[in-house]
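Contents: one structure, followed by commentary.
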Amino acid sequence: MIKYLTLIFFLFPFFLFSQDAFYETNIIIQYEDLLERNDLPILLEIYEERTAFDSTQKVDVEQVLQFIENPFREDFDYDDFRPSSLVDLKVFISLNTSEKEEIEEYDYHLILECDDSFPEEYDTFINDEKVILTALVKNCFKEKYDEIYPSDEELAQTVSPGMTLPSSGSSTESGSVLPNNLTTQIIDATSQFLVDRVKEELLLAFFDRFLSQVDQSTELTALMPNTYFLLKNNDVFKVPSMGEVWMTAFEEDLNSIPQNFNLMVQSHPDYMDLKKKPELQLFMMAGFIYDQIQDEAKLQTIIESFYEEFKETDSQLIQMLGVVGLLRENLIKRSYDYTEELVSIDNFRNLLEENEDASLYFSALIYQQDRPLFNRIKIPNLSSELVLGDLIKINFVDFTKMTGKFLTNMKKLKTSKSNFDNKKYLKDEQKEKYQESVLEFASSFFEFLDYSIELAYFSNPESYFTSSYFKMYRPVAQNAIQAIDAGQKKDYGPLMIYSMKMMEPLVQVRIDYLEKKLEESDDKKIKKEIKILQGVVKNFMYYGGFMVDVLSANSTNDIKGIINKYAAPVGSYRVKRQSPFSVSLSSYPGLYGGWETTYDGSDSESFVTGVTAPIGLSLNWGNSFYGIKAKGHSFSLYAPIIDIGAAFSYRWSNSEGEGFPEEIKWQQIISPGMHVVWGIGNTPMALMIGAQYTPLLRKITDQNNELQPNAWRFGATIAVDIPIFHFYRSNK
């Protein structure tokens, strides 16, 4: 009886907790001595003939023998593979042996009286496992034994009739203002760039340029839909207010960059080819991870829903996820309380160390469960005819080693999921800590996906690190995860950086496609589209950076600095000097002197001097002066539209003031005219000669704005050449 109980205890974990390849490999290596017995066919015949070990179980054992003979055979039917029959056979052999041993030698004559076909020698009866003590003989023996020893009740119970084999329990699988008055502050900040309205014009020019860049780019329009809407519908003759509406548009667009890019690729016909690329699928999966992990779903459900979402793509990642899914299902322990968990890495290593054939059996059992899948997956950087199934047959030891890494990754993923679940309550109270747990979980989940690809390279691990996936595709998903995380944290600086790194290779896929088309046909439209695409990332960072800086502003001075930074940079006058031809929006603040008249009598004519700061359109020819070559100089035809010299003068001495004494109106600074301009050498200085209609606003004091009648002024100006924006620049 003790041997029987020990046997049940030993087998209990297999019946109760495990199944499939891990369990089946354990059975095979544990009962390998039984499978290697020469008399096993005879045993099977005897047990089929004389016991409850029926013909079905005999076929099961024979199936195991066939598997042992050739584990990777192509005609193997895994659905009919039941190595648990080995357990039943071994248990029956052990039970039969223990029951025979309970019969003492001096009582053996009772067995012979019940059935004279038993061996005459007691030792043969005990040691020959082909000798079976049937239920009929046991009952007969018990009756005769009780007649001889009626008073010995304990002995009478040592051989219990009707002993049943241990059976496995069935288990049910469970799924597992800015400051207040921002508009006023921005207007005031704008006035301090080149003094009052010059600042407004700078900002206006910037947004006009912003719109022109977004308008010609499908990508920028898709990435910044809310900002684009405001740009298209804003009155271009007014400075954008930068109020709450603009702030909201900026914030919504920045937070949604990955999602907006995904929507563009999914919906725009130009990106149909990109939809089939693995880098785009990985990018999409990164977004899917974030959407899924913040639900209440269990880890198993998240993995399954991920596979269901992307299984139609039939990419190598999805194919390998099918393999990883097989690994998971073959390494799960299930208990009577309906809980489940993966076997530990230590248990798995012990399995491989116990028997040198364990790696072979485990790999073969995984392979046999879905041969079509393994034989369909082609491995990169190897012969196109070599598939994953062939590699496993050759390198089953390395395959099982990678299976051990799967258990390690899954443990880390489960831990990060647990940490995330424990911090869900912090979502509103301590969002930073909550978001850290989200990123940890998302990164662990990506590592799980990354393992799926790495598994394909199990036979040649070095090629994984040199593959296009590792160098190009993997970073796309990693940067997408970081970008989404930064957006949720409202950490817009990192968001821009990670978004740029995420988008660049994806946009490059489209550029590569167009360049191939260009080789076939020299199409100007294709050339133009390539040029626009090449500027997408640069423009995205430039204008996106502006949006980030505005959202981060805390004061008027901050906004002033932002406008100053995003206007044409210091030193951009060199574009005029060096380009054969350019068109720009320019300002020439400086000191003028000349003759002024109102044409209403001689008393109205006079020589005047003062401060001017005109803003207008400039046509520029570099390295020349009035058609004569002059390296480092430039010649321009300049048409001013407004002149804010009075505001410039006031702000020059009142840079920290809170505003102007009175409101300045557009009609007060209108000042059309025409000048020729000499850009003096490689310096920012310029000499301007021409005529200009003077503005009404001539002077601003601390008390009021002084107005004078319009007049025509003819004269010269020594000024600083400040291009605000370059609309066009010739490179030839």
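Just so we're on the same page: first chain in the structure tokens is A, next is B, and so on; residues restart at 1 for each chain, and ligands are numbered from 1 in the order they show up.
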message: Please identify the alpha helix (DSSP H) residues within segment 249-484 of chain A (assignment by DSSP from backbone atoms) and present them as a PyMOL selection string.
response: chain A and resi 249-255+257-267+278-293+299-310+316-329+345-354+358-369+371-374+388-394+396-422+431-455+461-466+468+474-484
Keeping C-alpha atoms, export the residues of the selection given above as a compact mmCIF listing (two decimals), in the first residue's frame.
```
# COMPACT_ATOMS: atom_id res chain seq x y z
CA ALA A 249 -5.55 73.09 -31.02
CA PHE A 250 -1.81 72.90 -30.36
CA GLU A 251 -2.26 70.57 -27.42
CA GLU A 252 -4.70 68.24 -29.17
CA ASP A 253 -2.47 67.95 -32.22
CA LEU A 254 0.67 67.29 -30.22
CA ASN A 255 -1.00 64.66 -28.04
CA ILE A 257 0.70 62.83 -33.40
CA PRO A 258 1.11 59.01 -33.50
CA GLN A 259 -2.63 58.46 -33.88
CA ASN A 260 -2.92 61.13 -36.58
CA PHE A 261 -0.04 59.65 -38.52
CA ASN A 262 -1.61 56.20 -38.31
CA LEU A 263 -4.93 57.58 -39.56
CA MET A 264 -3.19 59.25 -42.49
CA VAL A 265 -1.45 56.05 -43.55
CA GLN A 266 -4.63 54.03 -43.19
CA SER A 267 -6.79 56.42 -45.21
CA PRO A 278 6.50 45.64 -41.39
CA GLU A 279 7.71 48.97 -40.02
CA LEU A 280 4.22 50.44 -40.31
CA GLN A 281 2.65 47.36 -38.74
CA LEU A 282 5.03 47.63 -35.80
CA PHE A 283 4.14 51.31 -35.48
CA MET A 284 0.42 50.43 -35.46
CA MET A 285 1.04 47.75 -32.86
CA ALA A 286 2.73 50.26 -30.58
CA GLY A 287 -0.46 52.31 -30.57
CA PHE A 288 -2.55 49.21 -30.06
CA ILE A 289 -0.48 48.31 -27.00
CA TYR A 290 -1.29 51.60 -25.31
CA ASP A 291 -4.98 51.34 -26.14
CA GLN A 292 -5.23 47.82 -24.73
CA ILE A 293 -3.13 47.83 -21.62
CA LEU A 299 -2.74 39.63 -19.79
CA GLN A 300 -3.84 36.57 -21.75
CA THR A 301 -6.81 38.49 -23.13
CA ILE A 302 -4.57 41.36 -24.23
CA ILE A 303 -2.22 38.99 -26.06
CA GLU A 304 -5.12 37.19 -27.73
CA SER A 305 -6.83 40.42 -28.78
CA PHE A 306 -3.51 41.67 -30.16
CA TYR A 307 -3.18 38.56 -32.30
CA GLU A 308 -6.78 38.80 -33.48
CA GLU A 309 -6.31 42.46 -34.41
CA PHE A 310 -3.32 41.86 -36.67
CA GLN A 316 6.47 37.39 -40.01
CA LEU A 317 5.68 38.92 -36.63
CA ILE A 318 2.13 37.56 -36.74
CA GLN A 319 3.38 34.17 -37.92
CA MET A 320 5.91 34.06 -35.10
CA LEU A 321 3.25 35.12 -32.61
CA GLY A 322 1.46 31.95 -33.63
CA VAL A 323 4.59 30.01 -32.63
CA VAL A 324 4.86 31.94 -29.36
CA GLY A 325 1.21 31.18 -28.72
CA LEU A 326 1.99 27.48 -29.07
CA LEU A 327 4.84 27.83 -26.59
CA ARG A 328 2.58 29.51 -24.10
CA GLU A 329 -0.16 26.90 -24.36
CA ILE A 345 12.17 28.75 -15.73
CA ASP A 346 13.83 26.48 -13.14
CA ASN A 347 11.35 23.67 -13.78
CA PHE A 348 11.89 24.00 -17.51
CA ARG A 349 15.67 23.91 -17.15
CA ASN A 350 15.42 20.88 -14.90
CA LEU A 351 13.40 19.12 -17.56
CA LEU A 352 16.12 19.70 -20.14
CA GLU A 353 18.90 18.70 -17.77
CA GLU A 354 17.25 15.46 -16.65
CA ALA A 358 14.15 16.25 -23.62
CA SER A 359 15.03 19.09 -26.04
CA LEU A 360 14.31 16.81 -28.98
CA TYR A 361 10.95 15.62 -27.68
CA PHE A 362 9.77 19.07 -26.56
CA SER A 363 10.71 20.77 -29.86
CA ALA A 364 9.18 17.97 -31.91
CA LEU A 365 5.92 18.06 -29.95
CA ILE A 366 5.64 21.83 -30.52
CA TYR A 367 6.38 21.33 -34.21
CA GLN A 368 3.86 18.52 -34.60
CA GLN A 369 1.03 20.67 -33.24
CA ARG A 371 3.40 21.71 -39.00
CA PRO A 372 1.89 23.98 -41.70
CA LEU A 373 2.78 27.07 -39.66
CA PHE A 374 6.39 26.01 -39.05
CA LEU A 388 11.48 27.41 -39.49
CA GLY A 389 10.38 23.78 -39.29
CA ASP A 390 13.59 22.58 -40.96
CA LEU A 391 15.70 24.69 -38.60
CA ILE A 392 14.00 23.25 -35.53
CA LYS A 393 14.70 19.71 -36.73
CA ILE A 394 18.39 20.57 -37.02
CA PHE A 396 16.21 21.71 -31.50
CA VAL A 397 18.62 22.38 -28.60
CA ASP A 398 18.88 26.09 -29.50
CA PHE A 399 15.12 26.24 -29.97
CA THR A 400 14.49 25.00 -26.44
CA LYS A 401 17.02 27.51 -25.11
CA MET A 402 15.02 30.30 -26.72
CA THR A 403 11.92 28.79 -25.13
CA GLY A 404 13.58 29.37 -21.77
CA LYS A 405 14.00 33.03 -22.69
CA PHE A 406 10.28 33.15 -23.45
CA LEU A 407 9.52 32.13 -19.87
CA THR A 408 11.84 34.88 -18.60
CA ASN A 409 10.14 37.51 -20.78
CA MET A 410 6.71 36.34 -19.74
CA LYS A 411 7.65 36.58 -16.08
CA LYS A 412 8.80 40.16 -16.61
CA LEU A 413 5.62 40.95 -18.55
CA LYS A 414 3.45 39.48 -15.82
CA THR A 415 5.32 41.48 -13.17
CA SER A 416 4.89 44.75 -15.09
CA LYS A 417 1.19 43.96 -15.57
CA SER A 418 0.84 43.38 -11.84
CA ASN A 419 2.61 46.67 -11.08
CA PHE A 420 0.31 48.45 -13.49
CA ASP A 421 -2.80 46.91 -11.92
CA ASN A 422 -1.60 47.97 -8.47
CA LYS A 431 -0.70 60.57 -12.68
CA GLU A 432 3.10 60.62 -13.01
CA LYS A 433 3.52 57.37 -11.04
CA TYR A 434 0.60 55.84 -12.89
CA GLN A 435 2.12 56.80 -16.23
CA GLU A 436 5.45 55.25 -15.24
CA SER A 437 3.69 51.93 -14.69
CA VAL A 438 1.95 52.29 -18.06
CA LEU A 439 5.27 52.82 -19.84
CA GLU A 440 6.83 49.87 -17.99
CA PHE A 441 3.97 47.62 -19.01
CA ALA A 442 3.97 48.88 -22.61
CA SER A 443 7.74 48.39 -22.89
CA SER A 444 7.49 44.87 -21.45
CA PHE A 445 4.72 44.03 -23.87
CA PHE A 446 6.85 45.27 -26.75
CA GLU A 447 9.72 43.09 -25.51
CA PHE A 448 7.30 40.19 -25.68
CA LEU A 449 6.57 41.07 -29.33
CA ASP A 450 10.25 41.65 -29.98
CA TYR A 451 10.99 38.16 -28.65
CA SER A 452 8.59 36.78 -31.26
CA ILE A 453 10.83 38.14 -34.01
CA GLU A 454 14.04 37.20 -32.23
CA LEU A 455 12.78 33.63 -31.96
CA PRO A 461 21.33 34.78 -33.13
CA GLU A 462 23.94 37.13 -34.61
CA SER A 463 21.82 37.73 -37.70
CA TYR A 464 19.04 39.14 -35.51
CA PHE A 465 21.23 42.10 -34.52
CA THR A 466 22.26 42.76 -38.12
CA SER A 468 16.78 45.24 -41.09
CA ARG A 474 12.23 47.84 -34.16
CA PRO A 475 13.18 51.49 -33.40
CA VAL A 476 9.96 52.67 -35.07
CA ALA A 477 7.83 50.86 -32.51
CA GLN A 478 10.08 51.82 -29.60
CA ASN A 479 9.94 55.49 -30.54
CA ALA A 480 6.19 55.29 -31.06
CA ILE A 481 5.73 53.93 -27.53
CA GLN A 482 7.94 56.67 -26.10
CA ALA A 483 6.09 59.33 -28.13
CA ILE A 484 2.68 58.17 -26.92
```
- request: Within 10 Å of Val676 of chain A, counting only C-alpha atoms, which residues show up once you throw out same-chain ones fewer than 3 positions away? Write them as a ChimeraX atom specification, please.
  value: /A:618-620,626,635-639,679,687-691,716
Grab the residues selected above and save them as a CSV table (one decimal), in the first residue's frame with C-alpha atoms.
```csv
chain,number,residue,atom,x,y,z
A,618,SER,CA,11.8,92.8,-51.2
A,619,LEU,CA,13.1,91.4,-54.5
A,620,ASN,CA,16.8,90.7,-54.1
A,626,TYR,CA,22.3,97.3,-60.0
A,635,PHE,CA,20.7,95.0,-54.8
A,636,SER,CA,17.0,95.0,-53.9
A,637,LEU,CA,13.8,96.6,-55.1
A,638,TYR,CA,11.8,97.2,-51.9
A,639,ALA,CA,8.1,98.1,-51.6
A,679,GLY,CA,23.1,95.7,-49.1
A,687,LEU,CA,21.5,102.0,-47.7
A,688,MET,CA,17.9,102.7,-49.0
A,689,ILE,CA,16.9,105.5,-51.4
A,690,GLY,CA,13.4,106.2,-52.6
A,691,ALA,CA,9.9,107.6,-51.9
A,716,ALA,CA,17.7,108.1,-47.9
```
- request: Find the spatial neighbours of segment 106-111 of chain A, counting only C-alpha atoms, within a cut-off of 8 Å - ignore same-chain residues fewer than 2 positions away - and output them as number ranges by chain.
  value: A: 103-104, 113-116, 118, 122, 137, 141, 144-145
message: Just want the 9 Å neighbourhood of Leu506 of chain A, counted on only C-alpha atoms, with same-chain residues fewer than 2 positions away dropped. Output as a list in words.
response: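 In the requested form, the answer reads Leu274, Glu279, Leu280, Val476, Met502, Met503, Glu504, Gln508, Val509 and Arg510 of chain A.
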task: Tell me, as a PyMOL selection string, which residues lie within 12 Å of Ile526 of chain A, counting only C-alpha atoms; anything in the same chain fewer than 3 positions away does not count.
output: chain A and resi 270+510-523+529-533
Would you write out those residues with C-alpha atoms, as a PDB file, in the first residue's frame?
```
ATOM      1  CA  ASP A 270      -0.541  57.451 -51.466  1.00  0.00           C
ATOM      2  CA  ARG A 510       7.312  56.624 -49.303  1.00  0.00           C
ATOM      3  CA  ILE A 511      10.297  58.604 -50.663  1.00  0.00           C
ATOM      4  CA  ASP A 512      12.059  55.387 -51.731  1.00  0.00           C
ATOM      5  CA  TYR A 513       8.915  54.297 -53.552  1.00  0.00           C
ATOM      6  CA  LEU A 514       8.676  57.611 -55.430  1.00  0.00           C
ATOM      7  CA  GLU A 515      12.359  57.575 -56.327  1.00  0.00           C
ATOM      8  CA  LYS A 516      11.911  54.160 -57.951  1.00  0.00           C
ATOM      9  CA  LYS A 517       8.990  55.540 -59.949  1.00  0.00           C
ATOM     10  CA  LEU A 518      11.146  58.490 -60.935  1.00  0.00           C
ATOM     11  CA  GLU A 519      13.687  56.108 -62.447  1.00  0.00           C
ATOM     12  CA  GLU A 520      10.964  54.831 -64.764  1.00  0.00           C
ATOM     13  CA  SER A 521       9.503  58.230 -65.630  1.00  0.00           C
ATOM     14  CA  ASP A 522      11.031  61.699 -65.258  1.00  0.00           C
ATOM     15  CA  ASP A 523       7.831  63.216 -63.880  1.00  0.00           C
ATOM     16  CA  GLU A 529       6.346  65.390 -54.087  1.00  0.00           C
ATOM     17  CA  ILE A 530       9.773  63.984 -53.169  1.00  0.00           C
ATOM     18  CA  LYS A 531      10.989  67.491 -52.355  1.00  0.00           C
ATOM     19  CA  ILE A 532       7.960  68.126 -50.144  1.00  0.00           C
ATOM     20  CA  LEU A 533       8.374  64.799 -48.365  1.00  0.00           C
TER      21      LEU A 533
END
```
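For segment 212-445 of chain A, backbone-based DSSP assignment of strand (DSSP E or B) covers Ile332, Lys333, Arg334, Glu340, Glu341, Leu342, Lys378 and Val387 of chain A.
Of the residues under consideration (A:Ala52, A:Ile46, A:Leu35, A:Leu331), A:Leu331 shows the shortest atom-to-atom contact distance to Phe22 of chain A when counting only C-alpha atoms.
Near Tyr542 of chain A, within 12 Å and counting only C-alpha atoms, sit Phe206, Arg209, Phe210, Gln213, Val214, Leu220, Met496, Ile497, Met500, Gly535, Val536, Val537, Lys538, Asn539, Gly545, Phe546, Met547, Val548, Asp549, Lys565, Tyr566 and Ala567 of chain A; same-chain residues fewer than 3 positions away were not included.
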message: What does the structure give for the distance between atom CA of Leu617 of chain A and atom CA of Ser587 of chain A, in Å to one decimal?
response: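 About the pair atom CA of Leu617 of chain A and atom CA of Ser587 of chain A: they are 8.7 Å apart.
Checking A:Ala630, A:Val550, A:Ile93, A:Cys140 one by one against Arg577 of chain A, counting only C-alpha atoms, you find the shortest gap at A:Ala630.
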